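A.B. asks: Sharing a structure with you now.
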Amino acid sequence: MQTLFEGSAQSYVLLPSTTSGHFDLVTATHVSMTESTRALYAFDGTRYRSAQCADVSLANAFGNVQMKPSITMQKCP
């Protein structure tokens with residue numbers, strides 16, 4: 001058996017979309033109660049690689065929870 005993805009996250013979702021015959025994958029890692037990081041992984045034919053990364057915040061500048069999340073795209077590690 002071959003390992004295709006190696007990483008850590010509190011949650012993940014397999015998307016209906018595929019790349020190179022494998023489902024795309026989104027991971028979420030909690031930073032705090034209102035902050036998390038998300039990463040979209042796509043299969044490159046050998047293993048999953050991060051394709052898009054973002055920070056997601058549910059708090060406004062005053063620390064109050066807001067209904068619509070603030071999403072900031074980031075460079076993937």
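As shown in the structure tokens, the chain order sets the letters A, B, ...; within each chain, residues go from 1, and ligands are also counted from 1 in the order they appear.
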Using DSSP assignments from the backbone, pull out every residue in chain A that falls under strand (DSSP E or B) and give it to me as number ranges by chain.
C.D. replies: A: 11-19, 22-30, 35-43, 48-59, 65-74
A.B. asks: Could you name the residues that touch Gln52 in chain A at 10 Å or less, counting only C-alpha atoms, but leaving out those on the same chain fewer than 5 positions away, as a ChimeraX atom specification?
C.D. replies: /A:26,38-42,73-77
A.B. asks: With N, CA and C atoms retained, export the selected residues as a PDB file, in the first residue's frame.
C.D. replies:
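Contents of again19.pdb, as written:
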ATOM      1  N   VAL A  26      -9.747  18.853   0.798  1.00  0.00           N
ATOM      2  CA  VAL A  26      -9.618  20.093   1.556  1.00  0.00           C
ATOM      3  C   VAL A  26      -9.404  19.732   3.014  1.00  0.00           C
ATOM      4  N   ARG A  38      -7.135  26.655   5.844  1.00  0.00           N
ATOM      5  CA  ARG A  38      -7.683  25.667   4.921  1.00  0.00           C
ATOM      6  C   ARG A  38      -6.687  25.449   3.804  1.00  0.00           C
ATOM      7  N   ALA A  39      -6.627  24.234   3.323  1.00  0.00           N
ATOM      8  CA  ALA A  39      -5.747  23.929   2.193  1.00  0.00           C
ATOM      9  C   ALA A  39      -6.465  22.996   1.233  1.00  0.00           C
ATOM     10  N   LEU A  40      -6.354  23.297  -0.047  1.00  0.00           N
ATOM     11  CA  LEU A  40      -6.882  22.451  -1.108  1.00  0.00           C
ATOM     12  C   LEU A  40      -5.714  21.668  -1.676  1.00  0.00           C
ATOM     13  N   TYR A  41      -5.850  20.348  -1.705  1.00  0.00           N
ATOM     14  CA  TYR A  41      -4.807  19.473  -2.237  1.00  0.00           C
ATOM     15  C   TYR A  41      -5.308  18.803  -3.506  1.00  0.00           C
ATOM     16  N   ALA A  42      -4.428  18.712  -4.497  1.00  0.00           N
ATOM     17  CA  ALA A  42      -4.730  18.031  -5.747  1.00  0.00           C
ATOM     18  C   ALA A  42      -3.652  16.977  -5.992  1.00  0.00           C
ATOM     19  N   MET A  73      -6.433  34.563   1.078  1.00  0.00           N
ATOM     20  CA  MET A  73      -5.591  33.576   0.389  1.00  0.00           C
ATOM     21  C   MET A  73      -4.146  33.769   0.827  1.00  0.00           C
ATOM     22  N   GLN A  74      -3.431  32.653   0.995  1.00  0.00           N
ATOM     23  CA  GLN A  74      -2.041  32.660   1.442  1.00  0.00           C
ATOM     24  C   GLN A  74      -1.205  31.788   0.510  1.00  0.00           C
ATOM     25  N   LYS A  75       0.091  32.024   0.518  1.00  0.00           N
ATOM     26  CA  LYS A  75       1.003  31.139  -0.220  1.00  0.00           C
ATOM     27  C   LYS A  75       1.078  29.817   0.541  1.00  0.00           C
ATOM     28  N   CYS A  76       0.958  28.727  -0.175  1.00  0.00           N
ATOM     29  CA  CYS A  76       1.016  27.402   0.450  1.00  0.00           C
ATOM     30  C   CYS A  76       2.458  27.071   0.839  1.00  0.00           C
ATOM     31  N   PRO A  77       2.603  26.378   1.963  1.00  0.00           N
ATOM     32  CA  PRO A  77       3.957  25.985   2.372  1.00  0.00           C
ATOM     33  C   PRO A  77       4.546  24.925   1.454  1.00  0.00           C
TER      34      PRO A  77
END
A.B. asks: Need the shell around Gly45 in chain A: protein/DNA/RNA residues with any atom at most 9 Å away, counting only C-alpha atoms. Skip same-chain ones fewer than 3 positions apart. Format as a list in words?
C.D. replies: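 What passes the distance filter is Thr19, Ser20, Gly21, His22 and Tyr48 of chain A.
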A.B. asks: Residues at most 10 Å from range 61-71 of chain A, counting only C-alpha atoms, excluding those fewer than 4 positions away in the same chain, as a list in words?
C.D. replies: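 Neighbouring residues, sequence-local ones excluded: Met33, Thr34, Glu35, Ser36, Thr37, Arg38, Cys53, Ala54, Asp55, Val56 and Ser57 of chain A.
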A.B. asks: Pick from A:Thr72, A:Ser32, A:Thr46, A:Ser17: nearest to Gln2 in chain A, with only C-alpha atoms counted?
C.D. replies: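 Answer, going by the shortest atom-to-atom distance: A:Thr46.
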A.B. asks: Using only C-alpha atoms, find the one residue out of A:Asp44, A:Asn60, A:Ala51, A:Thr27 that sits nearest to Gly7 in chain A.
C.D. replies: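 Result for the nearest residue to Gly7 in chain A: A:Thr27.
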A.B. asks: Taking into account only C-alpha atoms, which residue in the set A:Phe23, A:His30, A:Pro16, A:Arg47 is nearest to Leu4 in chain A?
C.D. replies: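 Closest to Leu4 in chain A, using only C-alpha atoms: A:Arg47.
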